[in-house]
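Enquirer: model13.pdb (PDB, C-alpha atoms) pasted underneath:
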```pdb
ATOM      1  CA  LEU A 949       0.000   0.000   0.000  1.00  0.00           C
ATOM      2  CA  ILE A 950       2.927   2.340   0.615  1.00  0.00           C
ATOM      3  CA  GLY A 951       4.217   1.576  -2.875  1.00  0.00           C
ATOM      4  CA  GLU A 952       0.813   2.564  -4.208  1.00  0.00           C
ATOM      5  CA  GLU A 953       0.948   5.763  -2.110  1.00  0.00           C
ATOM      6  CA  ASN A 954      -2.231   4.690  -0.309  1.00  0.00           C
ATOM      7  CA  TYR A 955      -0.943   6.067   2.988  1.00  0.00           C
ATOM      8  CA  ASP A 956      -4.328   6.280   4.776  1.00  0.00           C
ATOM      9  CA  VAL A 957      -4.988   2.554   4.488  1.00  0.00           C
ATOM     10  CA  ALA A 958      -1.330   1.666   5.046  1.00  0.00           C
ATOM     11  CA  LEU A 959      -1.273   3.746   8.244  1.00  0.00           C
ATOM     12  CA  LYS A 960      -4.395   2.031   9.537  1.00  0.00           C
ATOM     13  CA  ASN A 961      -2.801  -1.385   8.926  1.00  0.00           C
ATOM     14  CA  TYR A 962       0.545  -0.405  10.444  1.00  0.00           C
ATOM     15  CA  LEU A 963      -1.148   1.023  13.543  1.00  0.00           C
ATOM     16  CA  GLN A 964      -2.926  -2.306  14.003  1.00  0.00           C
ATOM     17  CA  ALA A 965       0.429  -4.070  13.614  1.00  0.00           C
ATOM     18  CA  TYR A 966       1.957  -1.624  16.096  1.00  0.00           C
ATOM     19  CA  GLN A 967      -0.629  -2.682  18.683  1.00  0.00           C
ATOM     20  CA  LEU A 968       0.650  -6.246  18.282  1.00  0.00           C
ATOM     21  CA  ASP A 969       4.371  -5.423  18.194  1.00  0.00           C
ATOM     22  CA  SER A 970       5.451  -1.928  19.177  1.00  0.00           C
ATOM     23  CA  SER A 971       9.091  -3.032  19.380  1.00  0.00           C
ATOM     24  CA  SER A 972       9.425  -3.643  15.633  1.00  0.00           C
ATOM     25  CA  ALA A 973      11.759  -1.158  13.977  1.00  0.00           C
ATOM     26  CA  ASN A 974      10.100  -1.742  10.611  1.00  0.00           C
ATOM     27  CA  ILE A 975       6.599  -1.119  11.951  1.00  0.00           C
ATOM     28  CA  ASN A 976       7.678   2.039  13.790  1.00  0.00           C
ATOM     29  CA  PHE A 977       9.456   3.378  10.725  1.00  0.00           C
ATOM     30  CA  ASN A 978       6.518   2.638   8.425  1.00  0.00           C
ATOM     31  CA  VAL A 979       3.997   4.249  10.796  1.00  0.00           C
ATOM     32  CA  GLY A 980       6.210   7.335  10.772  1.00  0.00           C
ATOM     33  CA  PHE A 981       6.640   7.207   7.015  1.00  0.00           C
ATOM     34  CA  CYS A 982       2.862   7.110   6.529  1.00  0.00           C
ATOM     35  CA  TYR A 983       2.249   9.944   8.978  1.00  0.00           C
ATOM     36  CA  SER A 984       4.896  12.061   7.264  1.00  0.00           C
ATOM     37  CA  ASN A 985       3.443  11.456   3.835  1.00  0.00           C
ATOM     38  CA  LEU A 986       0.000  12.385   5.110  1.00  0.00           C
ATOM     39  CA  GLY A 987       1.348  15.756   6.266  1.00  0.00           C
ATOM     40  CA  ASN A 988       1.753  14.957   9.959  1.00  0.00           C
ATOM     41  CA  GLN A 989       5.525  15.423  10.172  1.00  0.00           C
ATOM     42  CA  ASP A 990       5.543  15.687  13.981  1.00  0.00           C
ATOM     43  CA  SER A 991       4.062  12.221  14.521  1.00  0.00           C
ATOM     44  CA  GLY A 992       6.074  10.882  11.606  1.00  0.00           C
ATOM     45  CA  TYR A 993       9.289  12.120  13.153  1.00  0.00           C
ATOM     46  CA  VAL A 994       8.506  10.507  16.515  1.00  0.00           C
ATOM     47  CA  TYR A 995       7.832   7.074  15.028  1.00  0.00           C
ATOM     48  CA  GLU A 996      10.748   7.248  12.607  1.00  0.00           C
ATOM     49  CA  MET A 997      13.102   8.111  15.465  1.00  0.00           C
ATOM     50  CA  ARG A 998      11.753   5.119  17.423  1.00  0.00           C
ATOM     51  CA  GLY A 999      12.467   2.934  14.407  1.00  0.00           C
ATOM     52  CA  LEU A1000      15.930   4.444  14.100  1.00  0.00           C
ATOM     53  CA  LYS A1001      16.707   3.675  17.752  1.00  0.00           C
ATOM     54  CA  ILE A1002      15.591   0.056  17.396  1.00  0.00           C
ATOM     55  CA  TYR A1003      17.556  -0.412  14.160  1.00  0.00           C
ATOM     56  CA  ALA A1004      20.630   0.975  15.959  1.00  0.00           C
ATOM     57  CA  GLU A1005      20.153  -1.437  18.875  1.00  0.00           C
ATOM     58  CA  LEU A1006      19.926  -4.303  16.362  1.00  0.00           C
ATOM     59  CA  ASP A1007      22.943  -2.974  14.409  1.00  0.00           C
ATOM     60  CA  ASP A1008      20.774  -3.218  11.278  1.00  0.00           C
ATOM     61  CA  LYS A1009      22.722  -1.075   8.837  1.00  0.00           C
ATOM     62  CA  PHE A1010      20.181  -1.412   6.027  1.00  0.00           C
ATOM     63  CA  GLY A1011      17.365  -0.257   8.332  1.00  0.00           C
ATOM     64  CA  LEU A1012      19.513   2.590   9.655  1.00  0.00           C
ATOM     65  CA  ALA A1013      20.277   3.741   6.123  1.00  0.00           C
ATOM     66  CA  GLY A1014      16.580   3.833   5.239  1.00  0.00           C
ATOM     67  CA  CYS A1015      15.729   5.807   8.374  1.00  0.00           C
ATOM     68  CA  TYR A1016      18.557   8.299   7.943  1.00  0.00           C
ATOM     69  CA  ASN A1017      17.638   8.774   4.292  1.00  0.00           C
ATOM     70  CA  HIS A1018      13.997   9.519   4.998  1.00  0.00           C
ATOM     71  CA  ILE A1019      14.624  11.649   8.082  1.00  0.00           C
ATOM     72  CA  GLY A1020      17.234  13.620   6.132  1.00  0.00           C
ATOM     73  CA  PHE A1021      14.765  14.177   3.317  1.00  0.00           C
ATOM     74  CA  TYR A1022      12.272  15.711   5.722  1.00  0.00           C
ATOM     75  CA  TYR A1023      14.880  17.863   7.428  1.00  0.00           C
ATOM     76  CA  ASP A1024      15.872  19.164   4.017  1.00  0.00           C
ATOM     77  CA  SER A1025      12.335  19.583   2.677  1.00  0.00           C
ATOM     78  CA  PHE A1026      10.501  20.942   5.683  1.00  0.00           C
ATOM     79  CA  CYS A1027      13.337  22.314   7.834  1.00  0.00           C
ATOM     80  CA  PHE A1028      12.495  21.055  11.291  1.00  0.00           C
ATOM     81  CA  CYS A1029      13.591  24.379  12.784  1.00  0.00           C
ATOM     82  CA  ARG A1030      12.177  23.446  16.173  1.00  0.00           C
ATOM     83  CA  PHE A1031      14.460  20.380  16.215  1.00  0.00           C
ATOM     84  CA  CYS A1032      17.617  22.110  15.040  1.00  0.00           C
ATOM     85  CA  ASN A1033      19.259  25.494  15.279  1.00  0.00           C
ATOM     86  CA  TYR A1034      18.503  26.781  11.794  1.00  0.00           C
ATOM     87  CA  ASP A1035      19.976  30.225  12.482  1.00  0.00           C
ATOM     88  CA  TYR A1036      23.353  28.628  13.150  1.00  0.00           C
ATOM     89  CA  TYR A1037      23.585  27.572   9.490  1.00  0.00           C
ATOM     90  CA  ARG A1038      22.702  30.959   7.979  1.00  0.00           C
TER      91      ARG A1038
END
```
For the file at hand, write its structure as structure tokens.
Expert:
Amino acid sequence: LIGEENYDVALKNYLQAYQLDSSSANINFNVGFCYSNLGNQDSGYVYEMRGLKIYAELDDKFGLAGCYNHIGFYYDSFCFCRFCNYDYYR
């Protein structure tokens, strides 16, 4: 469903999966990915960072790369000024 950009339905399914296994890095990341693509970057960021932490604990380099790539995209696209010191880079 994510590949089809059907983020509403994908989010619903991933939230159900999250209720069953909130410790899954993949589920956390995908919940965040869906939220972000639906315009809720704050919730997306929280779940993606949870996924990132779990991938790091598992030393899953492929998962880490995916998280860093997507989180970096959103930092670049939406400038999370409340999460970073934007003025420092001006």
Enquirer: To one decimal in Å, tell me the separation between atom CA of Ala958 of chain A and atom CA of Lys1009 of chain A.
Expert: 24.5 Å
Enquirer: Considering all atoms listed in the file, return as a list in words whatever protein or nucleic-acid residues lie within 12 Å of Tyr955 of chain A, sequence-local ones (same chain, fewer than 4 positions apart) excluded.
Expert: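 Everything that qualifies: Leu949, Ile950, Gly951, Leu959, Lys960, Asn961, Tyr962, Leu963, Asn978, Val979, Gly980, Phe981, Cys982, Tyr983, Ser984, Asn985, Leu986, Gly987 and Asn988 of chain A.
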Enquirer: Determine, counting all atoms listed in the file, which protein, DNA and RNA residues have an atom within 12 Å of an atom of Leu1012 of chain A; residues of the same chain fewer than 6 positions away are not included. Present the result as a list in words.
Expert: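 Final neighbour list, sorted by chain and number: Ala973, Asn974, Phe977, Glu996, Met997, Arg998, Gly999, Leu1000, Lys1001, Ile1002, Tyr1003, Ala1004, Glu1005, Leu1006, His1018, Ile1019 and Gly1020 of chain A.
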Enquirer: Go ahead and compute the interatomic distance for atom CA of Leu968 of chain A and atom CA of Phe1021 of chain A, in Å to one decimal.
Expert: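 Atom CA of Phe1021 of chain A lies at a distance of 29.0 Å from atom CA of Leu968 of chain A.
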Enquirer: Atom CA of Val957 of chain A and atom CA of Gln989 of chain A, how far apart in Å?
Expert: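 Straight-line distance from atom CA of Gln989 of chain A to atom CA of Val957 of chain A works out to 17.6 Å.
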Enquirer: Which is closest to Tyr995 of chain A among A:Asn976, A:Asn954, A:Ala965, A:Tyr1022, if we use only C-alpha atoms?
Expert: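 Closest candidate: A:Asn976.
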